[in-house]
Amino acid sequence: MMREFDDAVKLLGEFIRIDTSNPPGNEEKAIQFLEAILQKEGIRTDVFLPVAKRANILARIKGKTKGKPVVLLNHVDVVPAKEEEWEFHPFSGALRDGFIYGRGAIDMKAQAICQLLSFINLYREGIVPERDMIFLATCDEEVGGQFGVEYMLNEVEELRNASFVLSEGGCIIEEDGAFHAQISVAEKTLSQFMIKATGTGGHGSIPHKDNANEKVVDASKAILSYKWPLKPTSIVSTYLNGILKGKKGKGFQFHSLKEALSGKGFRSFIENNPMYNALLRNTVTLTILKGGEKVNVIPTESCAYFDARLLPGESHDKFFKIIRRLCRKEIEIMRIGSGISEPLPSGYNTHYFKGLRHIVGSMKGPIPVLPFITTGATDLRYFRNLGIVAYGFFPITLPKEELFRMHGINERLSVANLKEGLEGTYEIVKFLASTI
Ligand SMILES: [Zn+2]
């Protein structure tokens with residue numbers, strides 16, 4: 001794999017330098033970049049152009065039997081980055097102190113390059129997979145996937161009959177010297193909304209009781225102080241039982257999640273750990289406040305935006321009934337986005353899961369390999385909703401802190417991680433090629 005590894009470092013730098021900030025996306029250049037690499041190998045590609053400057057690419061290695069392909073899925077768009085906040089230019093792909101810096105280094109250009117090179121390597125080795133192996137790079141994931149995966153599922157019927165899809169959402173986590181692998185089998189569902197109030201304008205020197213801003217502040221306070229119940233879904237129970245077994249904390253000793261949740265000490269431990277908290281309950285985050293423009297003028301309109309994420313299986317209608325109840329009648333509540341309402345989880349009692357567990361075991365030894373729920377949304381939900389087994393996993397080992405750079409500033413990936421990711425992805429691809 002050595003030659004491919006040198007290629008990976010170079011290619012990832014080049015790939016990051018193609019600015020695919022979404023919005024607006026402009027992913028066509030990134031897709032052409034992948035197309036050129038595949039064509040140089042003599043692999044046929046199909047490029048799809050849903051609208052101007054947006055593109056998707058599909059390449060295939062023909063399998064022994066027709067139908068039910070295995071799909072290596074990645075997205076080429078990234079979230080925007082503000083240059084002035086970064087140590088290095090976010091689209092420089094700078095290589096410093098063993099790290100490749102840039103927007104998309106983790107989410108998910110490195111994984112895209114590892115999937116691409118593993119796919120090419122399979123082709124070079126002349127391995128004929130049991131089923132068609134499809135490499136699919138798409139646009140528009142960061143804004144919902146309408147022109148990317150949603151478009152491709154409408155255009156290419158066989159994608160709707162895939163047997164397995166591998167993309168982003170989980171990796172190997174290092175925490176306090178211990179390791180565990182997260183294989184994402186489900187995700188929380190978006191339930192974003194906006195609240196709005198109108199009122200009487202006026203001069204700030206004469207306060208009155210019909211102030212739009214004050215109404216929105218009151219409603220926001222009520223929404224944010226509501227305590228959503230802690231609900232141990234079976235996936236999160238398996239996950240937390242796997243990593244917390246035997247843990248001692250202030251006021252608790254962990255045996256099982258169900259038992260632990262009945263104790264005050266453990267519940268406060270969960271509430272002080274933002275990740276565990278998000279895995280165990282619906283969350284509502286106030287992200288945008290808008291109201292007023294002049295310090296001495298009472299505005300006639302005010303609004304607040306909330307990013308809410310529901311646990312799998314939760315009903316949006318029930319959720320909004322509670323939000324409605326928390327606000328006074330005069331507050332208008334508007335849902336944002338239609339999306340896919342309540343995505344299905346993938347099962348984890350599958351031979352795909354066992355195969356991944358085996359590969360992680362050969363990389364890292366006997367560490368826990370656990371099903372996981374991604375707190376954000378990914379394109380995998382489109383496939384899971386069709387009943388297709390779809391996992392999010394990139395075999396790199398990250399200290400927990402590194403993950404927070406994703407969508408944040410100074411996103412980076414170490415060269416050592418890239419090597420690990422490439423080797424692991426190739427093992428996974430070989431396994432997928434050998435199984436039905
Ligand atoms: Zn992503």
# chains A, B, ... in the order shown; residues from 1 in each chain; ligands from 1
>>> residues_near_ligand(ligand="ligand 1", cutoff="8 Å", atoms="only C-alpha atoms and all ligand atoms", output="ChimeraX atom specification")
/A:74-75,78,107-108,141-142,168-169,378
>>> residues_around(residues="Gly42 (chain A)", least_positions_apart="5", cutoff="12 Å", atoms="only C-alpha atoms", output="number ranges by chain")
A: 35-37, 59-61, 120, 123-124
>>> atom_distance(atom1="CA of Leu286 (chain A)", atom2="CA of Ile322 (chain A)")
16.3 Å
>>> select_by_dssp(residues="region 278-357 of chain A", states="strand (DSSP E)", output="list of chain:residue names")
A:Thr283, A:Val284, A:Thr285, A:Leu286, A:Thr287, A:Ile288, A:Leu289, A:Lys290, A:Gly291, A:Val297, A:Ile298, A:Glu301, A:Ser302, A:Cys303, A:Ala304, A:Tyr305, A:Phe306, A:Asp307, A:Ala308, A:Arg309, A:Leu310, A:Glu332, A:Ile333, A:Met334, A:Arg335
>>> write_last_selection(atoms="N, CA, C and O atoms", output="mmCIF file, in the first residue's frame")
data_model
loop_
_atom_site.group_PDB
_atom_site.id
_atom_site.type_symbol
_atom_site.label_atom_id
_atom_site.label_comp_id
_atom_site.auth_asym_id
_atom_site.auth_seq_id
_atom_site.Cartn_x
_atom_site.Cartn_y
_atom_site.Cartn_z
ATOM 1 N N THR A 283 -32.653 17.039 22.069
ATOM 2 C CA THR A 283 -31.981 18.276 22.465
ATOM 3 C C THR A 283 -32.543 19.456 21.671
ATOM 4 O O THR A 283 -32.979 19.289 20.529
ATOM 5 N N VAL A 284 -32.531 20.619 22.300
ATOM 6 C CA VAL A 284 -33.000 21.851 21.655
ATOM 7 C C VAL A 284 -31.965 22.934 21.929
ATOM 8 O O VAL A 284 -31.671 23.226 23.083
ATOM 9 N N THR A 285 -31.384 23.475 20.869
ATOM 10 C CA THR A 285 -30.327 24.483 21.026
ATOM 11 C C THR A 285 -30.756 25.788 20.365
ATOM 12 O O THR A 285 -31.158 25.790 19.202
ATOM 13 N N LEU A 286 -30.648 26.878 21.102
ATOM 14 C CA LEU A 286 -30.956 28.202 20.547
ATOM 15 C C LEU A 286 -29.752 28.673 19.733
ATOM 16 O O LEU A 286 -28.658 28.813 20.270
ATOM 17 N N THR A 287 -29.943 28.878 18.432
ATOM 18 C CA THR A 287 -28.796 29.203 17.583
ATOM 19 C C THR A 287 -28.845 30.611 16.968
ATOM 20 O O THR A 287 -27.802 31.179 16.700
ATOM 21 N N ILE A 288 -30.029 31.153 16.720
ATOM 22 C CA ILE A 288 -30.097 32.499 16.129
ATOM 23 C C ILE A 288 -31.155 33.331 16.866
ATOM 24 O O ILE A 288 -32.254 32.841 17.127
ATOM 25 N N LEU A 289 -30.798 34.566 17.189
ATOM 26 C CA LEU A 289 -31.754 35.523 17.781
ATOM 27 C C LEU A 289 -31.804 36.743 16.884
ATOM 28 O O LEU A 289 -30.765 37.277 16.511
ATOM 29 N N LYS A 290 -33.022 37.180 16.542
ATOM 30 C CA LYS A 290 -33.132 38.362 15.690
ATOM 31 C C LYS A 290 -34.245 39.250 16.210
ATOM 32 O O LYS A 290 -35.373 38.798 16.355
ATOM 33 N N GLY A 291 -33.933 40.500 16.475
ATOM 34 C CA GLY A 291 -34.979 41.416 16.903
ATOM 35 C C GLY A 291 -34.394 42.769 17.228
ATOM 36 O O GLY A 291 -33.481 42.863 18.044
ATOM 37 N N VAL A 297 -35.062 51.839 20.146
ATOM 38 C CA VAL A 297 -36.337 51.560 19.476
ATOM 39 C C VAL A 297 -36.857 50.164 19.842
ATOM 40 O O VAL A 297 -36.128 49.187 19.742
ATOM 41 N N ILE A 298 -38.109 50.090 20.265
ATOM 42 C CA ILE A 298 -38.733 48.780 20.540
ATOM 43 C C ILE A 298 -39.175 48.196 19.199
ATOM 44 O O ILE A 298 -39.950 48.835 18.482
ATOM 45 N N GLU A 301 -41.186 43.246 15.672
ATOM 46 C CA GLU A 301 -41.105 41.812 15.379
ATOM 47 C C GLU A 301 -39.805 41.251 15.931
ATOM 48 O O GLU A 301 -38.780 41.923 15.926
ATOM 49 N N SER A 302 -39.869 39.997 16.400
ATOM 50 C CA SER A 302 -38.671 39.381 16.961
ATOM 51 C C SER A 302 -38.757 37.881 16.712
ATOM 52 O O SER A 302 -39.849 37.308 16.655
ATOM 53 N N CYS A 303 -37.630 37.237 16.515
ATOM 54 C CA CYS A 303 -37.697 35.772 16.354
ATOM 55 C C CYS A 303 -36.454 35.077 16.868
ATOM 56 O O CYS A 303 -35.403 35.696 17.077
ATOM 57 N N ALA A 304 -36.579 33.787 17.096
ATOM 58 C CA ALA A 304 -35.471 32.959 17.570
ATOM 59 C C ALA A 304 -35.516 31.637 16.815
ATOM 60 O O ALA A 304 -36.593 31.125 16.504
ATOM 61 N N TYR A 305 -34.331 31.120 16.498
ATOM 62 C CA TYR A 305 -34.232 29.851 15.760
ATOM 63 C C TYR A 305 -33.636 28.781 16.669
ATOM 64 O O TYR A 305 -32.678 29.045 17.403
ATOM 65 N N PHE A 306 -34.190 27.582 16.561
ATOM 66 C CA PHE A 306 -33.720 26.478 17.399
ATOM 67 C C PHE A 306 -33.330 25.279 16.534
ATOM 68 O O PHE A 306 -34.058 24.900 15.628
ATOM 69 N N ASP A 307 -32.173 24.714 16.859
ATOM 70 C CA ASP A 307 -31.741 23.481 16.206
ATOM 71 C C ASP A 307 -32.103 22.345 17.158
ATOM 72 O O ASP A 307 -31.479 22.186 18.203
ATOM 73 N N ALA A 308 -33.122 21.578 16.803
ATOM 74 C CA ALA A 308 -33.547 20.489 17.679
ATOM 75 C C ALA A 308 -33.247 19.156 17.016
ATOM 76 O O ALA A 308 -33.342 19.016 15.798
ATOM 77 N N ARG A 309 -32.852 18.187 17.813
ATOM 78 C CA ARG A 309 -32.526 16.842 17.313
ATOM 79 C C ARG A 309 -33.252 15.827 18.181
ATOM 80 O O ARG A 309 -33.096 15.812 19.405
ATOM 81 N N LEU A 310 -34.008 14.979 17.529
ATOM 82 C CA LEU A 310 -34.797 13.988 18.269
ATOM 83 C C LEU A 310 -34.135 12.626 18.203
ATOM 84 O O LEU A 310 -33.488 12.278 17.213
ATOM 85 N N GLU A 332 -45.821 32.544 17.461
ATOM 86 C CA GLU A 332 -45.984 31.736 16.254
ATOM 87 C C GLU A 332 -44.824 30.730 16.203
ATOM 88 O O GLU A 332 -43.680 31.100 16.455
ATOM 89 N N ILE A 333 -45.124 29.474 15.876
ATOM 90 C CA ILE A 333 -44.057 28.466 15.783
ATOM 91 C C ILE A 333 -44.014 27.940 14.357
ATOM 92 O O ILE A 333 -45.031 27.503 13.820
ATOM 93 N N MET A 334 -42.847 28.003 13.725
ATOM 94 C CA MET A 334 -42.736 27.513 12.352
ATOM 95 C C MET A 334 -41.662 26.451 12.254
ATOM 96 O O MET A 334 -40.524 26.676 12.682
ATOM 97 N N ARG A 335 -42.023 25.292 11.684
ATOM 98 C CA ARG A 335 -41.018 24.244 11.472
ATOM 99 C C ARG A 335 -40.124 24.634 10.307
ATOM 100 O O ARG A 335 -40.581 25.256 9.353
#
>>> residues_around(residues="Cys114 (chain A)", least_positions_apart="4", cutoff="9 Å", atoms="only C-alpha atoms", output="PyMOL selection string")
chain A and resi 8+109-110+118-119+418-419+421-426
>>> closest_residue(among="A:Arg44, A:Arg17, A:Lys188, A:Lys29", to="Ala377 (chain A)", atoms="only C-alpha atoms")
A:Lys188
>>> closest_residue(among="A:Ala212, A:Ile57, A:Leu413, A:Leu34", to="Cys139 (chain A)", atoms="only C-alpha atoms")
A:Ile57
>>> closest_residue(among="A:Glu187, A:Gly102, A:Gly204, A:Pro24", to="Lys294 (chain A)", atoms="only C-alpha atoms")
A:Gly204
>>> select_by_dssp(residues="region 19-207 of chain A", states="alpha helix (DSSP H)", output="count of residues only")
35
>>> closest_residue(among="A:Gln253, A:Ala178, A:Ala81, A:Thr435", to="His351 (chain A)", atoms="only C-alpha atoms")
A:Thr435
>>> closest_residue(among="A:Met133, A:Ile323, A:Leu380, A:Val156", to="Ser225 (chain A)", atoms="only C-alpha atoms")
A:Ile323
>>> residues_around(residues="region 231-243 of chain A", least_positions_apart="4", cutoff="7 Å", atoms="only C-alpha atoms", output="short mmCIF file (atom, residue, chain, number, x, y, z; two decimals) with C-alpha atoms, in the first residue's frame")
data_model
loop_
_atom_site.label_atom_id
_atom_site.label_comp_id
_atom_site.auth_asym_id
_atom_site.auth_seq_id
_atom_site.Cartn_x
_atom_site.Cartn_y
_atom_site.Cartn_z
CA SER A 256 -25.82 -1.10 33.45
CA LEU A 257 -27.36 1.96 31.85
CA LEU A 279 -27.20 10.44 22.94
CA LEU A 280 -29.85 9.99 25.61
CA ARG A 281 -32.46 12.66 24.99
CA PRO A 368 -15.05 -2.68 22.22
CA LEU A 370 -20.08 -0.75 19.42
CA PRO A 371 -23.15 0.48 17.57
CA PHE A 372 -23.50 4.24 17.73
#
>>> closest_residue(among="A:Asp317, A:Glu125, A:Glu411, A:Glu342", to="Gly93 (chain A)", atoms="only C-alpha atoms")
A:Glu411
>>> residues_around(residues="Pro129 (chain A)", least_positions_apart="2", cutoff="10 Å", atoms="only C-alpha atoms", output="list in words")
Ile61, Lys62, Gly63, Lys64, Thr65, Pro69, Val70, Leu122, Tyr123, Gly126, Ile127, Arg131, Asp132, Met133, Val429, Lys430, Phe431, Leu432, Ala433, Ser434, Thr435 and Ile436 of chain A
>>> residues_around(residues="Gly98 (chain A)", least_positions_apart="4", cutoff="8 Å", atoms="only C-alpha atoms", output="JSON list (two decimals) with all heavy atoms, in the first residue's frame")
[["chain", "number", "residue", "atom", "x", "y", "z"],
["A", 414, "SER", "N", -4.13, 13.90, 11.13],
["A", 414, "SER", "CA", -2.70, 13.61, 11.11],
["A", 414, "SER", "C", -2.39, 12.68, 9.94],
["A", 414, "SER", "O", -3.24, 11.91, 9.48],
["A", 414, "SER", "CB", -2.27, 12.98, 12.44],
["A", 414, "SER", "OG", -2.72, 11.64, 12.51],
["A", 415, "VAL", "N", -1.14, 12.77, 9.49],
["A", 415, "VAL", "CA", -0.68, 11.89, 8.41],
["A", 415, "VAL", "C", -0.77, 10.43, 8.88],
["A", 415, "VAL", "O", -1.14, 9.54, 8.10],
["A", 415, "VAL", "CB", 0.76, 12.29, 8.01],
["A", 415, "VAL", "CG1", 1.34, 11.28, 7.03],
["A", 415, "VAL", "CG2", 0.77, 13.68, 7.40],
["A", 416, "ALA", "N", -0.49, 10.20, 10.16],
["A", 416, "ALA", "CA", -0.59, 8.83, 10.70],
["A", 416, "ALA", "C", -2.03, 8.33, 10.63],
["A", 416, "ALA", "O", -2.28, 7.17, 10.29],
["A", 416, "ALA", "CB", -0.10, 8.82, 12.15]]
>>> atom_distance(atom1="CA of Ser362 (chain A)", atom2="CA of Gly177 (chain A)")
18.8 Å
>>> residues_around(residues="Ser205 (chain A)", least_positions_apart="3", cutoff="12 Å", atoms="only C-alpha atoms", output="JSON, numbers by chain")
{"A": [201, 202, 208, 295, 296, 297, 298]}
>>> write_last_selection(atoms="all heavy atoms", output="PDB file, in the first residue's frame")
ATOM      1  N   GLY A 201     -44.480  48.750  18.506  1.00  0.00           N
ATOM      2  CA  GLY A 201     -43.206  49.455  18.516  1.00  0.00           C
ATOM      3  C   GLY A 201     -43.223  50.588  19.533  1.00  0.00           C
ATOM      4  O   GLY A 201     -44.132  50.685  20.358  1.00  0.00           O
ATOM      5  N   GLY A 202     -42.209  51.408  19.484  1.00  0.00           N
ATOM      6  CA  GLY A 202     -42.201  52.540  20.389  1.00  0.00           C
ATOM      7  C   GLY A 202     -40.792  52.960  20.743  1.00  0.00           C
ATOM      8  O   GLY A 202     -39.819  52.421  20.218  1.00  0.00           O
ATOM      9  N   HIS A 208     -43.370  49.232  27.553  1.00  0.00           N
ATOM     10  CA  HIS A 208     -44.762  48.798  27.697  1.00  0.00           C
ATOM     11  C   HIS A 208     -44.804  47.273  27.689  1.00  0.00           C
ATOM     12  O   HIS A 208     -43.769  46.620  27.569  1.00  0.00           O
ATOM     13  CB  HIS A 208     -45.632  49.406  26.588  1.00  0.00           C
ATOM     14  CG  HIS A 208     -45.138  49.112  25.202  1.00  0.00           C
ATOM     15  ND1 HIS A 208     -45.064  47.834  24.692  1.00  0.00           N
ATOM     16  CD2 HIS A 208     -44.669  49.932  24.219  1.00  0.00           C
ATOM     17  CE1 HIS A 208     -44.613  47.876  23.458  1.00  0.00           C
ATOM     18  NE2 HIS A 208     -44.347  49.145  23.145  1.00  0.00           N
ATOM     19  N   VAL A 295     -30.781  50.822  19.449  1.00  0.00           N
ATOM     20  CA  VAL A 295     -30.816  50.611  20.897  1.00  0.00           C
ATOM     21  C   VAL A 295     -31.968  51.359  21.573  1.00  0.00           C
ATOM     22  O   VAL A 295     -32.434  50.953  22.638  1.00  0.00           O
ATOM     23  CB  VAL A 295     -29.435  50.959  21.527  1.00  0.00           C
ATOM     24  CG1 VAL A 295     -29.161  52.457  21.461  1.00  0.00           C
ATOM     25  CG2 VAL A 295     -29.324  50.452  22.959  1.00  0.00           C
ATOM     26  N   ASN A 296     -32.506  52.383  20.952  1.00  0.00           N
ATOM     27  CA  ASN A 296     -33.600  53.120  21.613  1.00  0.00           C
ATOM     28  C   ASN A 296     -34.977  52.861  20.981  1.00  0.00           C
ATOM     29  O   ASN A 296     -35.914  53.593  21.223  1.00  0.00           O
ATOM     30  CB  ASN A 296     -33.290  54.622  21.636  1.00  0.00           C
ATOM     31  CG  ASN A 296     -33.132  55.194  20.234  1.00  0.00           C
ATOM     32  OD1 ASN A 296     -33.128  54.441  19.254  1.00  0.00           O
ATOM     33  ND2 ASN A 296     -33.008  56.506  20.133  1.00  0.00           N
ATOM     34  N   VAL A 297     -35.062  51.839  20.146  1.00  0.00           N
ATOM     35  CA  VAL A 297     -36.337  51.560  19.476  1.00  0.00           C
ATOM     36  C   VAL A 297     -36.857  50.164  19.842  1.00  0.00           C
ATOM     37  O   VAL A 297     -36.128  49.187  19.742  1.00  0.00           O
ATOM     38  CB  VAL A 297     -36.188  51.662  17.940  1.00  0.00           C
ATOM     39  CG1 VAL A 297     -37.486  51.278  17.238  1.00  0.00           C
ATOM     40  CG2 VAL A 297     -35.752  53.062  17.530  1.00  0.00           C
ATOM     41  N   ILE A 298     -38.109  50.090  20.265  1.00  0.00           N
ATOM     42  CA  ILE A 298     -38.733  48.780  20.540  1.00  0.00           C
ATOM     43  C   ILE A 298     -39.175  48.196  19.199  1.00  0.00           C
ATOM     44  O   ILE A 298     -39.950  48.835  18.482  1.00  0.00           O
ATOM     45  CB  ILE A 298     -39.950  48.935  21.490  1.00  0.00           C
ATOM     46  CG1 ILE A 298     -39.502  49.549  22.822  1.00  0.00           C
ATOM     47  CG2 ILE A 298     -40.628  47.583  21.717  1.00  0.00           C
ATOM     48  CD1 ILE A 298     -40.659  49.945  23.739  1.00  0.00           C
TER      49      ILE A 298
END
>>> atom_distance(atom1="CA of Ser21 (chain A)", atom2="CA of Asp77 (chain A)")
6.0 Å
